[in-house]
Structures are given as C-alpha cells and as structure tokens.
Amino acid sequence: MRSLSSLGATAGAVVSVFTLFVVGCDGDSGPTASADELFEQGPYEVGYREMTMTYSAAASMEPRELVLRVWYPAQDESGAAPARYAVAGVVDLAAGSALEAPPVTDDTNLPLVIYSHGNGGEGLLAYPYGELMASHGWVLVAPNHTGNTALDLAFGPADPPALVALNRPTDITAIIDEFDTGLSGDDLERKADVDLGVFLFGHSFGGYTSFTAGGADVDYDVAAADCEGVMSENCDVLTDPNVEAAYRAGFGDPRIVAIAPQAPALVAIADGELGSLGIPTLLMTGRLDQTTTQEESADPSWAGIDDPNDIWVEMPLGAHYSFITVCHDLTPEILGLFISGADQDGCSPTFIDTREAVPVLAAYLLAFGRRHLLGQTEWNAILTGPPLGNQGDFVVTAN
C-alpha cells in the first residue's frame, strides 16, 4: 500500500498550478496559501494509537464502550516503530506515515477533528485523513460506533437502525467531553483545544452523524411512523419513552463549529433542519452514488444548507465508496465479505480511482478546517477557486 504522500503525488502535481497569492482588500499583500501544502506531510511526526472509553449511553444510561482510533502530532525522533492497521481486525495494512504510539508532541492547543464511519464501517477507515491532518498539527479521533461496525454487521450483534441513529451523535459528544476534561494521566490529556471548536466529518451514516451532532434535529414522529414492516425492529426502540425523550431533545453539540458530511444518509432529519445548522458545511458527494443517491441525498443536502461559507465538492465519477480506501486496500474477495455490490458503487474502473480521489478530499478537509477552526482566511481562495485534483475529477460550488 502506498503512503499518503505517494497517493497524492499525481493530484499534488496538478494542483501546483493553483498555488495562490492572496491579496488583501486594501491592495496589500496578504498571507500566501499554497494548495501544494495540502497534499504534503506537515512538520509533525504522526502518532497512532487505539484507546477505549466508556460513557453512559443515551436513554438507557447503561455503560457504552467505544474503541477509538487516534492520530496525533508526535514528538520527533521517538524511535517508535511504524504503525500497522488491521481493517475490521482481520486485514493487515501497512501505515503510510504513522508510528505506533509515540509520545505526543509537547505543543498544546491542538485543534480537534472527529471522523464518523459509515454503516458497517469502522474508525480505521479515517487513516488517510488522520495521517495528513495529524502531520499538520491536528488530533483526529475516529470511533468505532459500537453496534454498527463491520464486525457487528457481519457476525453480530448489530443494533437496530433506530438505536444506531440515537447512539451515533451521542458518541460524538462523549468523545468531545473525553478530550476536553478526561484522559486523566494520558499524555493526550488537554492537548486538544476544544475551545477552538470541533470539526466533525463522516461518511454515509457518518454524514447523518455530522448533521445531527452539528445541530439538525431528527423528526421523531416520522421515524416512529415508519417503524413497521421490514424495520419493525425499530419499533421496540422507538416506543421506549426514554428514547423518545432523547430524540426530541436533539443531539446538537454547540462545540462543533464546522462539519463535512460525505455522501450523507439523510435519516429522518426533519424538514428545514439543515437550514438551521448555523455552521459552515463542506458537503462532499459523488454523482454516481447508488446508496445515497444524487436525488435523495446530494441535491436535498445542498438545497437545505444555507450558511454563506458552505461549499459543495462533487465528483462526477464518484460513487458511495469513493470517499474511503477499501476499493484499493482490499481484494475483491475480502471486500465482498463486508460490502455487497461495491463494484457497482465505486470499486471498479467505471469510477474515479480512490487513490486519486481520497488525497484531494483530504486536502479540502484540511483547508476547510484551517479556515473555520483556526480562522485562516487565506484558504478561502483555494476552497472556492479552481477545483483541486485532475481536471474534471471535481466540481466545486460555493454559496
């Protein structure tokens, strides 16, 4: 498997022509923003570790344990061995640039970004984003949403969708709490500066998580009315008065100040709620998506959000699995064990090569996070300028 830097080599060569010099409104030269930088490893060594945390689950208040995958800026010359990744705990991959659990950098006030995986995914799928952003000084946390991972769906027990939709955004709030005031005795304690705000992004069901944790409410009445038939397992969940109360209270966390839903699943999100988010959204979609389609997901998502800083990044030849690396990391045989029909939804030569797509998506995420968490306005010109990547692979629309 190639490293992140080699994955981005082609894309980086193309975007070099878009390196911009930003000029202030008064005619004075402003800060320089280089698109090249978004494709290159930053100044930090990258650390990777797995952690667990436990919190009281919404509605039931029972202990809920999460496995966290964490990428972070590490101390230089730690001597740590290269990290290895195990997809779903069974398929080993070599890390691109991450080291196995080196000490955390001495620097503080690091920005925090959280990734939410899709239905039947896992937090490790964030590794290209984690390696890039950690090298530039970010702490990226990617939970396994217990009850909704690849292993849960393949071998059980998997939670009913209504319970998953309840737990996912509350997982995000619990993680923010943990990195804000928890982690006692760990060298990551108080390293992430939650006061800067939190950047949240996620794929598919993780897009739903991004919207709801970002402040969009679920229409409980619609969800409850649709629980019969093939989704009857949801009825037992939704008739619990504590679950109803949790849904009606909403899941928005005010510490989340920017989101980036990728191919989002709009699961029972109430009408008009996307327009009330009040935070910048980087919407990422593929026009050939067969799971969360253009008509059911991309178009209504863009029509619904209305912050002046919203940006829509589309891939004309992108599909549902164009946002993660499973198409090129896993053999077709192994991929078929976890994802049925992946070759029809991103994992075939019909679609954009994920080795080209993912580094560009990561570059946009880094620029958007810098703009809206760190206040670096020089990235506006690149976010709204000519699309990054190979010509025709991406289309960018700004509000």
# chains A, B, ... in the order shown; residues from 1 in each chain; ligands from 1
>>> residues_around(residues="region 126-140 of chain A", least_positions_apart="6", cutoff="9 Å", atoms="only C-alpha atoms", output="JSON, numbers by chain")
{"A": [3, 4, 5, 38, 39, 40, 41, 42, 43, 44, 45, 46, 47, 48, 69, 70, 71, 72, 73, 74, 85, 95, 96, 97, 98, 107, 110, 111, 112, 113, 114, 115, 116, 117, 191, 192, 324, 325, 358, 359, 361, 362, 363, 365, 366]}
>>> write_last_selection(atoms="C-alpha atoms", output="PDB file, in the first residue's frame")
ATOM      1  CA  SER A   3       1.816   6.142   1.630  1.00  0.00           C
ATOM      2  CA  LEU A   4      -0.415   9.206   1.726  1.00  0.00           C
ATOM      3  CA  SER A   5       2.308  11.314   0.142  1.00  0.00           C
ATOM      4  CA  LEU A  38      -2.485  20.447   1.455  1.00  0.00           C
ATOM      5  CA  PHE A  39      -1.089  17.353  -0.238  1.00  0.00           C
ATOM      6  CA  GLU A  40       2.188  17.178   1.654  1.00  0.00           C
ATOM      7  CA  GLN A  41       3.049  15.815   5.068  1.00  0.00           C
ATOM      8  CA  GLY A  42       3.259  18.621   7.611  1.00  0.00           C
ATOM      9  CA  PRO A  43       6.039  19.345  10.095  1.00  0.00           C
ATOM     10  CA  TYR A  44       4.998  16.797  12.735  1.00  0.00           C
ATOM     11  CA  GLU A  45       5.710  13.114  13.072  1.00  0.00           C
ATOM     12  CA  VAL A  46       2.409  11.218  13.149  1.00  0.00           C
ATOM     13  CA  GLY A  47       1.437   9.054  16.094  1.00  0.00           C
ATOM     14  CA  TYR A  48      -1.298   6.435  16.051  1.00  0.00           C
ATOM     15  CA  ARG A  69      -8.556   5.250  16.624  1.00  0.00           C
ATOM     16  CA  VAL A  70      -6.458   8.342  17.250  1.00  0.00           C
ATOM     17  CA  TRP A  71      -3.906  10.086  15.045  1.00  0.00           C
ATOM     18  CA  TYR A  72      -1.941  12.921  16.639  1.00  0.00           C
ATOM     19  CA  PRO A  73       1.196  15.065  16.301  1.00  0.00           C
ATOM     20  CA  ALA A  74       4.082  13.191  17.921  1.00  0.00           C
ATOM     21  CA  TYR A  85      -3.524  -1.203  10.733  1.00  0.00           C
ATOM     22  CA  ALA A  95       0.520   2.555   7.676  1.00  0.00           C
ATOM     23  CA  GLY A  96       1.543   5.339   5.337  1.00  0.00           C
ATOM     24  CA  SER A  97       3.375   7.632   7.756  1.00  0.00           C
ATOM     25  CA  ALA A  98       2.042   6.836  11.237  1.00  0.00           C
ATOM     26  CA  ASP A 107       2.863  21.554  21.792  1.00  0.00           C
ATOM     27  CA  LEU A 110      -4.084  21.382  19.080  1.00  0.00           C
ATOM     28  CA  PRO A 111      -7.279  21.508  17.001  1.00  0.00           C
ATOM     29  CA  LEU A 112      -9.637  18.529  17.284  1.00  0.00           C
ATOM     30  CA  VAL A 113     -11.322  16.776  14.356  1.00  0.00           C
ATOM     31  CA  ILE A 114     -13.602  13.738  14.661  1.00  0.00           C
ATOM     32  CA  TYR A 115     -14.497  11.213  11.945  1.00  0.00           C
ATOM     33  CA  SER A 116     -17.693   9.135  11.950  1.00  0.00           C
ATOM     34  CA  HIS A 117     -17.606   5.987   9.810  1.00  0.00           C
ATOM     35  CA  LYS A 191      -3.708  18.503  24.262  1.00  0.00           C
ATOM     36  CA  ALA A 192      -6.764  19.037  22.071  1.00  0.00           C
ATOM     37  CA  ILE A 324     -12.622   5.656   1.643  1.00  0.00           C
ATOM     38  CA  THR A 325      -9.766   3.384   0.621  1.00  0.00           C
ATOM     39  CA  VAL A 358      -9.050  10.463  -1.321  1.00  0.00           C
ATOM     40  CA  PRO A 359      -5.954  12.746  -1.247  1.00  0.00           C
ATOM     41  CA  LEU A 361     -10.821  15.070  -0.378  1.00  0.00           C
ATOM     42  CA  ALA A 362      -8.277  15.151   2.460  1.00  0.00           C
ATOM     43  CA  ALA A 363      -6.813  18.372   1.087  1.00  0.00           C
ATOM     44  CA  LEU A 365     -10.896  18.865   4.634  1.00  0.00           C
ATOM     45  CA  LEU A 366      -7.587  20.286   5.861  1.00  0.00           C
TER      46      LEU A 366
END
>>> closest_residue(among="A:Ile176, A:Ala158, A:Pro241, A:Ala101", to="Ser60 (chain A)", atoms="only C-alpha atoms")
A:Pro241
>>> select_by_dssp(residues="region 168-263 of chain A", states="strand (DSSP E)", output="VMD selection string")
chain A and resid 198 to 203 256 to 262
>>> residues_around(residues="region 233-236 of chain A", least_positions_apart="4", cutoff="6 Å", atoms="only C-alpha atoms", output="list in words")
Pro160, Ala162 and Cys227 of chain A
>>> closest_residue(among="A:Asp177, A:Asp343, A:Asp240, A:Asp217", to="Ala270 (chain A)", atoms="only C-alpha atoms")
A:Asp217
>>> select_by_dssp(residues="region 112-311 of chain A", states="alpha helix (DSSP H)", output="ChimeraX atom specification")
/A:127-135,150-155,161-181,205-213,220-225,233-238,241-249,299-304
>>> write_last_selection(atoms="C-alpha atoms", output="mmCIF file, in the first residue's frame")
data_model
loop_
_atom_site.group_PDB
_atom_site.id
_atom_site.type_symbol
_atom_site.label_atom_id
_atom_site.label_comp_id
_atom_site.auth_asym_id
_atom_site.auth_seq_id
_atom_site.Cartn_x
_atom_site.Cartn_y
_atom_site.Cartn_z
ATOM 1 C CA TYR A 127 -6.404 6.739 8.239
ATOM 2 C CA PRO A 128 -5.579 8.831 5.109
ATOM 3 C CA TYR A 129 -7.278 11.832 6.681
ATOM 4 C CA GLY A 130 -5.772 11.129 10.096
ATOM 5 C CA GLU A 131 -2.215 10.842 8.826
ATOM 6 C CA LEU A 132 -2.411 14.081 6.841
ATOM 7 C CA MET A 133 -4.140 16.160 9.496
ATOM 8 C CA ALA A 134 -2.007 14.888 12.381
ATOM 9 C CA SER A 135 1.130 15.793 10.436
ATOM 10 C CA ALA A 150 -18.211 -4.143 10.003
ATOM 11 C CA LEU A 151 -17.827 -6.948 12.527
ATOM 12 C CA ASP A 152 -21.162 -6.153 14.181
ATOM 13 C CA LEU A 153 -22.997 -6.391 10.859
ATOM 14 C CA ALA A 154 -21.093 -9.443 9.646
ATOM 15 C CA PHE A 155 -21.126 -11.502 12.815
ATOM 16 C CA PRO A 161 -31.012 1.383 12.996
ATOM 17 C CA ALA A 162 -33.128 3.500 15.360
ATOM 18 C CA LEU A 163 -30.730 2.725 18.211
ATOM 19 C CA VAL A 164 -27.720 3.378 15.983
ATOM 20 C CA ALA A 165 -29.166 6.747 14.991
ATOM 21 C CA LEU A 166 -29.556 7.570 18.678
ATOM 22 C CA ASN A 167 -26.107 6.417 19.754
ATOM 23 C CA ARG A 168 -24.002 7.899 16.969
ATOM 24 C CA PRO A 169 -24.343 11.630 17.743
ATOM 25 C CA THR A 170 -24.165 10.969 21.484
ATOM 26 C CA ASP A 171 -20.902 9.079 20.847
ATOM 27 C CA ILE A 172 -19.530 12.293 19.350
ATOM 28 C CA THR A 173 -20.482 14.423 22.348
ATOM 29 C CA ALA A 174 -18.968 11.846 24.718
ATOM 30 C CA ILE A 175 -15.694 11.926 22.749
ATOM 31 C CA ILE A 176 -15.556 15.707 22.887
ATOM 32 C CA ASP A 177 -16.106 15.532 26.648
ATOM 33 C CA GLU A 178 -13.346 12.938 26.981
ATOM 34 C CA PHE A 179 -10.787 15.006 25.100
ATOM 35 C CA ASP A 180 -11.859 18.166 26.875
ATOM 36 C CA THR A 181 -11.816 17.088 30.527
ATOM 37 C CA PHE A 205 -24.348 7.188 8.153
ATOM 38 C CA GLY A 206 -21.442 9.291 9.424
ATOM 39 C CA GLY A 207 -22.864 12.103 7.313
ATOM 40 C CA TYR A 208 -26.115 11.752 9.262
ATOM 41 C CA THR A 209 -23.987 11.828 12.412
ATOM 42 C CA SER A 210 -22.293 15.015 11.242
ATOM 43 C CA PHE A 211 -25.598 16.735 10.540
ATOM 44 C CA THR A 212 -27.310 15.688 13.787
ATOM 45 C CA ALA A 213 -24.360 16.248 16.135
ATOM 46 C CA TYR A 220 -39.146 11.529 15.802
ATOM 47 C CA ASP A 221 -42.757 11.316 14.674
ATOM 48 C CA VAL A 222 -41.772 10.396 11.107
ATOM 49 C CA ALA A 223 -39.267 7.822 12.369
ATOM 50 C CA ALA A 224 -41.837 6.235 14.685
ATOM 51 C CA ALA A 225 -44.480 6.136 11.956
ATOM 52 C CA GLU A 233 -37.081 -3.926 14.996
ATOM 53 C CA ASN A 234 -37.043 -0.139 15.315
ATOM 54 C CA CYS A 235 -40.477 -0.115 16.950
ATOM 55 C CA ASP A 236 -39.222 -1.668 20.173
ATOM 56 C CA VAL A 237 -36.567 1.041 20.345
ATOM 57 C CA LEU A 238 -38.748 3.998 19.467
ATOM 58 C CA PRO A 241 -40.204 6.782 26.430
ATOM 59 C CA ASN A 242 -36.570 7.473 27.310
ATOM 60 C CA VAL A 243 -35.589 7.039 23.669
ATOM 61 C CA GLU A 244 -38.388 9.330 22.571
ATOM 62 C CA ALA A 245 -37.260 11.951 25.064
ATOM 63 C CA ALA A 246 -33.673 11.721 23.826
ATOM 64 C CA TYR A 247 -34.719 12.133 20.195
ATOM 65 C CA ARG A 248 -36.989 15.059 20.975
ATOM 66 C CA ALA A 249 -34.246 16.788 22.977
ATOM 67 C CA ASP A 299 -29.307 17.600 -4.053
ATOM 68 C CA PRO A 300 -31.522 17.953 -0.939
ATOM 69 C CA SER A 301 -28.468 18.369 1.286
ATOM 70 C CA TRP A 302 -27.160 21.262 -0.792
ATOM 71 C CA ALA A 303 -30.638 22.773 -1.128
ATOM 72 C CA GLY A 304 -31.105 22.540 2.643
#
>>> closest_residue(among="A:Gly272, A:Gly286, A:Gly147, A:Gly375", to="Ala258 (chain A)", atoms="only C-alpha atoms")
A:Gly375
>>> residues_around(residues="Leu317 (chain A)", least_positions_apart="6", cutoff="8 Å", atoms="only C-alpha atoms", output="list in words")
Gly286, Arg287, Leu288, Thr350, Phe351, Ile352 and Asp393 of chain A
>>> write_last_selection(atoms="C-alpha atoms", output="PDB file, in the first residue's frame")
ATOM      1  CA  GLY A 286     -20.378  11.557  -5.889  1.00  0.00           C
ATOM      2  CA  ARG A 287     -22.812  11.899  -8.759  1.00  0.00           C
ATOM      3  CA  LEU A 288     -22.841   8.147  -9.449  1.00  0.00           C
ATOM      4  CA  THR A 350     -16.025   2.940 -14.155  1.00  0.00           C
ATOM      5  CA  PHE A 351     -15.441   5.308 -11.249  1.00  0.00           C
ATOM      6  CA  ILE A 352     -12.756   7.727 -10.126  1.00  0.00           C
ATOM      7  CA  ASP A 393     -12.468  14.960 -11.439  1.00  0.00           C
TER       8      ASP A 393
END
>>> atom_distance(atom1="CA of Asn119 (chain A)", atom2="CA of His203 (chain A)")
8.6 Å
>>> residues_around(residues="Glu65 (chain A)", least_positions_apart="2", cutoff="12 Å", atoms="only C-alpha atoms", output="short mmCIF file (atom, residue, chain, number, x, y, z; two decimals) with N, CA and C atoms, in the first residue's frame")
data_model
loop_
_atom_site.label_atom_id
_atom_site.label_comp_id
_atom_site.auth_asym_id
_atom_site.auth_seq_id
_atom_site.Cartn_x
_atom_site.Cartn_y
_atom_site.Cartn_z
N MET A 51 -7.47 3.41 21.63
CA MET A 51 -7.89 3.66 23.00
C MET A 51 -9.31 3.17 23.18
N THR A 52 -9.72 3.01 24.41
CA THR A 52 -11.13 2.73 24.70
C THR A 52 -11.64 3.76 25.70
N MET A 53 -12.91 4.04 25.60
CA MET A 53 -13.56 4.92 26.57
C MET A 53 -14.95 4.38 26.84
N THR A 54 -15.48 4.71 27.99
CA THR A 54 -16.82 4.27 28.38
C THR A 54 -17.61 5.47 28.88
N TYR A 55 -18.85 5.55 28.46
CA TYR A 55 -19.73 6.61 28.96
C TYR A 55 -21.12 6.03 29.14
N SER A 56 -22.02 6.80 29.73
CA SER A 56 -23.39 6.35 29.94
C SER A 56 -24.21 6.64 28.70
N ALA A 57 -24.73 5.58 28.08
CA ALA A 57 -25.45 5.71 26.83
C ALA A 57 -26.73 6.52 27.00
N GLU A 62 -26.90 2.91 30.35
CA GLU A 62 -26.02 1.78 30.58
C GLU A 62 -24.62 2.10 30.06
N PRO A 63 -23.57 1.45 30.62
CA PRO A 63 -22.21 1.72 30.13
C PRO A 63 -22.09 1.37 28.65
N VAL A 67 -14.28 1.92 21.02
CA VAL A 67 -12.89 1.85 20.60
C VAL A 67 -12.60 3.08 19.76
N LEU A 68 -11.53 3.78 20.10
CA LEU A 68 -11.14 5.00 19.38
C LEU A 68 -9.84 4.75 18.64
N PRO A 143 -14.01 7.05 16.15
CA PRO A 143 -14.56 5.95 16.96
C PRO A 143 -15.08 4.81 16.11
N ASN A 144 -15.05 3.62 16.66
CA ASN A 144 -15.91 2.54 16.18
C ASN A 144 -17.26 2.72 16.85
N HIS A 145 -18.30 2.98 16.06
CA HIS A 145 -19.63 3.12 16.65
C HIS A 145 -20.14 1.73 17.01
N THR A 146 -19.98 1.38 18.27
CA THR A 146 -20.34 0.04 18.76
C THR A 146 -21.77 -0.32 18.36
N GLY A 147 -21.93 -1.52 17.83
CA GLY A 147 -23.24 -1.98 17.36
C GLY A 147 -23.48 -1.70 15.89
N ASN A 167 -27.43 6.51 19.11
CA ASN A 167 -26.11 6.42 19.75
C ASN A 167 -25.02 7.21 19.04
N ASP A 171 -22.31 9.49 20.83
CA ASP A 171 -20.90 9.08 20.85
C ASP A 171 -19.99 10.29 20.63
N ALA A 174 -19.76 12.50 23.67
CA ALA A 174 -18.97 11.85 24.72
C ALA A 174 -17.48 11.94 24.41
N ILE A 175 -17.11 11.82 23.14
CA ILE A 175 -15.69 11.93 22.75
C ILE A 175 -15.18 13.34 23.00
#
>>> atom_distance(atom1="CA of Arg355 (chain A)", atom2="CA of Leu125 (chain A)")
13.8 Å
>>> atom_distance(atom1="CA of Ser348 (chain A)", atom2="CA of Pro332 (chain A)")
9.9 Å
>>> residues_around(residues="Val257 (chain A)", least_positions_apart="4", cutoff="6 Å", atoms="only C-alpha atoms", output="compact mmCIF listing (two decimals) with C-alpha atoms, in the first residue's frame")
# COMPACT_ATOMS: atom_id res chain seq x y z
CA GLY A 197 -14.34 24.37 18.41
CA VAL A 198 -14.54 20.90 16.89
CA ILE A 279 -22.31 26.41 10.98
>>> residues_around(residues="Ala398 (chain A)", least_positions_apart="5", cutoff="10 Å", atoms="only C-alpha atoms", output="PyMOL selection string")
chain A and resi 282+308-313+383-385
